[in-house]
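The next block holds one structure in the form of structure tokens; read it before the comments.
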Protein chains: 2
Amino acid sequence: MPMVLDKDVREKFRRSGFTLTSQRRAVLDALRGNKGHPSAEDVYLSVKKSNPRVALGTVYQALSVLEEIGVVHSKRWADSPARYDLNLEPHLDIRCRSCGAVSEVPNVGLVDLESDIRQNTLYEVTRTALVVEGICPACRREA
Amino acid sequence: MPMVLDKDVREKFRRSGFTLTSQRRAVLDALRGNKGHPSAEDVYLSVKKSNPRVALGTVYQALSVLEEIGVVHSKRWADSPARYDLNLEPHLDIRCRSCGAVSEVPNVGLVDLESDIRQNTLYEVTRTALVVEGICPACRREA
DNA sequence: CTCGCTATCAGGAATGATTATTAGTTCGAT
DNA sequence: ATCGAACTAATAATCATTCCTGATAGCGAG
């Protein structure tokens with residue numbers, strides 16, 4: 001249940017000066033419909049269903065705009081394209097290095113972490129992402 | 001002051017079954033000599049000084065072996081090649097999205113985080129990396 | 001020491017994700 | 001309706017990283 005409401009999105013577009021085009025809305029809808037952590041390619045395929053004329057480059061550009069205005073979030077694991085999601089609550093995802101599945105790790109306190117970071121650096125922090133890798137139970141059994 | 005002693009390294013190579021070749025040792029030395037967070041290319045250039053015949057691919061392979069046996073650590077920021085370091089204490093690096101500089105954020109409590117993670121997932125955790133981006137003071141002044 | 005075995009290496013080509021380019025299109029403001 | 005800025009589609013280009021091939025090196029058995 002991502003907390004990304006249309007009203008907030010419109011507001012963020014307005015403030016940023018970017019325009020909320022149909023393609024960008026479609027990318028957003030694709031992310032809404034995909035509870036996992038789709039790659040740009042996944043989003044592209046999803047968007048293509050409703051609008052077969054979109055180009056992959058447009059999806060990349062839309063994702064980058066959406067991330068810049070703070071509506072989507074990206075994470076990069078090794079050996080995998082970047083993955084995107086809408087959930088802007090700080091949360092923790094783990095990726096299986098064998099099968100590539102991504103799932104969420106619950107109950108990990110990240111709340112204080114970001115403010116801790118801001119207090120200990122002179123940088124203006126724009127993005128944080130905690131990347132965790134492992135072997136999922138299913139793949140462990142197979143090994 | 002990386003805590004990476006030759007003795008530990010040899011032990012880890014022995015246990016893993018990989019062989020400690022001169023190229024791999026050179027990669028390790030390059031990381032020792034570079035206190036920052038060099039990319040594979042940086043390491044390559046550094047290694048080349050003592051052995052001009054090494055190939056970039058070899059550096060990548062050496063880094064991946066060294067990471068697998070737990071001697072080096074990699075992090076991936078957006079818009080930047082992967083960066084490697086020797087410091088295996090969990091620590092926090094921030095990268096300036098404008099000039100690319102990487103520096104460390106001190107005094108952030110990451111100690112409990114990893115055990116917290118392990119307790120809340122069925123995955124066998126093999127790697128964690130906290131990736132933070134921002135604008136460094138120098139670049140902020142210029143903007 | 002020498003043969004043969006296996007892991008590794010150098011060099012370069014190939015891959016795959018992402019970005020840049022360019023010409024055309026849409027959209028909002030006038 | 002007109003104009004200009006922002007956006008898009010399509011494709012080419014880029015860059016990090018991996019893969020492939022034949023050559024080497026190191027090691028154990030004899």
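Each chain of the structure tokens is named A, B, ... in the order shown, its residues numbered from 1; ligands are numbered from 1 in display order.
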
With only C-alpha atoms counted and 10 Å as the cut-off, give the residues of chain B in contact with chain A, each with its shortest interatomic distance in Å and the pair that gives it, as a Markdown table.
| residue | atom | partner | partner_atom | distance |
| --- | --- | --- | --- | --- |
| B:Ser74 | CA | A:Ala78 | CA | 9.0 |
| B:Lys75 | CA | A:Ala78 | CA | 8.7 |
| B:Arg76 | CA | A:Arg76 | CA | 6.8 |
| B:Trp77 | CA | A:Arg76 | CA | 7.5 |
| B:Ala78 | CA | A:Arg76 | CA | 7.6 |
| B:Ala82 | CA | A:Ala78 | CA | 8.8 |
| B:Leu92 | CA | A:Ile117 | CA | 8.7 |
| B:Ile94 | CA | A:Tyr123 | CA | 8.1 |
| B:Arg95 | CA | A:Tyr123 | CA | 8.9 |
| B:Cys96 | CA | A:Tyr123 | CA | 7.7 |
| B:Arg97 | CA | A:Thr126 | CA | 8.8 |
| B:Ser103 | CA | A:Thr121 | CA | 9.3 |
| B:Glu104 | CA | A:Thr121 | CA | 8.4 |
| B:Val105 | CA | A:Thr121 | CA | 5.8 |
| B:Pro106 | CA | A:Asn120 | CA | 6.2 |
| B:Asn107 | CA | A:Asn120 | CA | 6.7 |
| B:Val108 | CA | A:Asp116 | CA | 6.1 |
| B:Gly109 | CA | A:Leu113 | CA | 7.7 |
| B:Leu110 | CA | A:Leu113 | CA | 8.4 |
| B:Asp112 | CA | A:Gly109 | CA | 9.6 |
| B:Leu113 | CA | A:Val108 | CA | 7.5 |
| B:Glu114 | CA | A:Val108 | CA | 9.4 |
| B:Ser115 | CA | A:Val108 | CA | 9.7 |
| B:Asp116 | CA | A:Val108 | CA | 6.1 |
| B:Ile117 | CA | A:Val108 | CA | 6.4 |
| B:Arg118 | CA | A:Val105 | CA | 9.1 |
| B:Gln119 | CA | A:Val108 | CA | 9.1 |
| B:Asn120 | CA | A:Val105 | CA | 6.1 |
| B:Thr121 | CA | A:Val105 | CA | 5.8 |
| B:Leu122 | CA | A:Pro137 | CA | 6.2 |
| B:Tyr123 | CA | A:Cys136 | CA | 4.4 |
| B:Glu124 | CA | A:Ile135 | CA | 5.0 |
| B:Val125 | CA | A:Gly134 | CA | 4.1 |
| B:Thr126 | CA | A:Gly134 | CA | 4.7 |
| B:Arg127 | CA | A:Glu133 | CA | 5.0 |
| B:Thr128 | CA | A:Val132 | CA | 4.3 |
| B:Ala129 | CA | A:Val131 | CA | 5.1 |
| B:Leu130 | CA | A:Leu130 | CA | 4.3 |
| B:Val131 | CA | A:Ala129 | CA | 5.1 |
| B:Val132 | CA | A:Thr128 | CA | 4.3 |
| B:Glu133 | CA | A:Arg127 | CA | 5.0 |
| B:Gly134 | CA | A:Val125 | CA | 4.1 |
| B:Ile135 | CA | A:Glu124 | CA | 5.0 |
| B:Cys136 | CA | A:Tyr123 | CA | 4.4 |
| B:Pro137 | CA | A:Tyr123 | CA | 5.8 |
| B:Ala138 | CA | A:Tyr123 | CA | 9.1 |
| B:Cys139 | CA | A:Tyr123 | CA | 9.4 |
| B:Arg140 | CA | A:Glu124 | CA | 8.1 |

Distance table requested - chain D against chain B, cut-off 10 Å, only C-alpha atoms (C1' of nucleotides): one row per qualifying residue with the closest atom pair and its distance in Å to one decimal, ordered by chain and rising residue number, as JSON lines.
{"residue": "D:DC15", "atom": "C1'", "partner": "B:Pro81", "partner_atom": "CA", "distance": 9.1}
{"residue": "D:DA16", "atom": "C1'", "partner": "B:Pro81", "partner_atom": "CA", "distance": 6.4}
{"residue": "D:DT17", "atom": "C1'", "partner": "B:Tyr60", "partner_atom": "CA", "distance": 8.0}
{"residue": "D:DT18", "atom": "C1'", "partner": "B:Gly57", "partner_atom": "CA", "distance": 8.2}
{"residue": "D:DC19", "atom": "C1'", "partner": "B:Gly57", "partner_atom": "CA", "distance": 9.7}
{"residue": "D:DA25", "atom": "C1'", "partner": "B:Thr21", "partner_atom": "CA", "distance": 9.8}
{"residue": "D:DG26", "atom": "C1'", "partner": "B:Thr21", "partner_atom": "CA", "distance": 9.5}

Neighbours of DA13 of chain C within 10 Å (only C-alpha atoms (C1' of nucleotides); same-chain residues fewer than 2 positions away dropped), as a count of residues only? 4

Residues of chain B no more than 8 Å from chain C, counting only C-alpha atoms (C1' of nucleotides): send them over as number ranges by chain. B: 19, 53-55, 58

Leu20 of chain A surroundings by only C-alpha atoms (C1' of nucleotides), 9 Å radius, close-in-sequence under 6 positions cut, as a list in words: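 In the requested form, the answer reads Val9, Arg10, Phe13 and Arg14 of chain A.
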
For C-alpha atoms, I'd like the residues from the last selection saved as a PDB file, in the first residue's frame.
ATOM      1  CA  VAL A   9       2.246  13.798  -7.094  1.00  0.00           C
ATOM      2  CA  ARG A  10       0.605  16.723  -8.841  1.00  0.00           C
ATOM      3  CA  PHE A  13       5.296  18.153 -10.282  1.00  0.00           C
ATOM      4  CA  ARG A  14       3.952  21.664  -9.950  1.00  0.00           C
TER       5      ARG A  14
END

Write out as an MDAnalysis selection string all residues of chain B that DSSP puts in strand (DSSP E or B) for this structure's backbone. chainID B and resid 39 73:75 83:85 92:96 102:105 124:135

Would you export the selected residues with C-alpha atoms as a CSV table (one decimal), in the first residue's frame, please?
chain,number,residue,atom,x,y,z
B,39,SER,CA,36.9,2.3,-8.8
B,73,HIS,CA,33.9,-4.5,0.0
B,74,SER,CA,32.1,-2.9,-2.9
B,75,LYS,CA,29.5,-0.1,-3.1
B,83,ARG,CA,33.9,1.5,-5.7
B,84,TYR,CA,36.0,-0.8,-3.6
B,85,ASP,CA,37.6,-0.6,-0.2
B,92,LEU,CA,29.1,4.7,6.0
B,93,ASP,CA,30.2,6.5,2.9
B,94,ILE,CA,28.6,9.4,1.2
B,95,ARG,CA,29.1,10.4,-2.4
B,96,CYS,CA,28.7,13.9,-3.8
B,102,VAL,CA,33.4,10.0,-1.5
B,103,SER,CA,33.9,10.6,2.2
B,104,GLU,CA,33.0,8.8,5.3
B,105,VAL,CA,30.2,9.7,7.7
B,124,GLU,CA,21.3,-16.0,4.5
B,125,VAL,CA,22.7,-12.5,4.4
B,126,THR,CA,26.0,-12.2,2.4
B,127,ARG,CA,26.4,-8.5,1.9
B,128,THR,CA,25.1,-5.2,3.1
B,129,ALA,CA,25.9,-1.8,1.9
B,130,LEU,CA,24.4,1.5,2.9
B,131,VAL,CA,24.6,4.0,0.0
B,132,VAL,CA,24.2,7.7,0.7
B,133,GLU,CA,24.2,10.5,-1.8
B,134,GLY,CA,24.3,14.2,-1.3
B,135,ILE,CA,25.9,17.5,-2.2

Env of Arg24 of chain B: 9 Å cut, atoms = only C-alpha atoms (C1' of nucleotides), seq-sep filter 6 positions within chain, self excluded. Answer as a VMD selection string. chain B and resid 58 to 59 61 to 63 65 to 66

Using the selection just defined, write its residues with N, CA and C atoms as a short mmCIF file (atom, residue, chain, number, x, y, z; two decimals), in the first residue's frame.
data_model
loop_
_atom_site.label_atom_id
_atom_site.label_comp_id
_atom_site.auth_asym_id
_atom_site.auth_seq_id
_atom_site.Cartn_x
_atom_site.Cartn_y
_atom_site.Cartn_z
N THR B 58 41.33 -8.72 -15.48
CA THR B 58 41.95 -9.42 -14.36
C THR B 58 41.69 -8.68 -13.06
N VAL B 59 41.74 -7.37 -13.12
CA VAL B 59 41.45 -6.58 -11.93
C VAL B 59 40.02 -6.82 -11.47
N GLN B 61 38.24 -9.44 -12.02
CA GLN B 61 38.14 -10.79 -11.50
C GLN B 61 38.77 -10.88 -10.12
N ALA B 62 39.90 -10.23 -9.95
CA ALA B 62 40.57 -10.25 -8.65
C ALA B 62 39.70 -9.58 -7.59
N LEU B 63 39.10 -8.46 -7.95
CA LEU B 63 38.25 -7.77 -6.99
C LEU B 63 37.07 -8.65 -6.60
N VAL B 65 36.96 -11.94 -6.62
CA VAL B 65 37.44 -13.00 -5.74
C VAL B 65 37.69 -12.45 -4.34
N LEU B 66 38.33 -11.31 -4.28
CA LEU B 66 38.65 -10.73 -2.97
C LEU B 66 37.38 -10.38 -2.20
#

Please compute the atom CA of His91 of chain A-atom CA of Val111 of chain A distance, one decimal, in Å.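 About the pair atom CA of His91 of chain A and atom CA of Val111 of chain A: they are 8.9 Å apart.
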
Would you work out the distance separating atom CA of Pro52 of chain B from atom C1' of DG22 of chain D, expressed in Å to one decimal? 20.3 Å

So what do you get for atom CA of Val43 of chain A versus atom CA of Asp29 of chain A, distance-wise?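 Atom CA of Val43 of chain A sits 9.4 Å away from atom CA of Asp29 of chain A.
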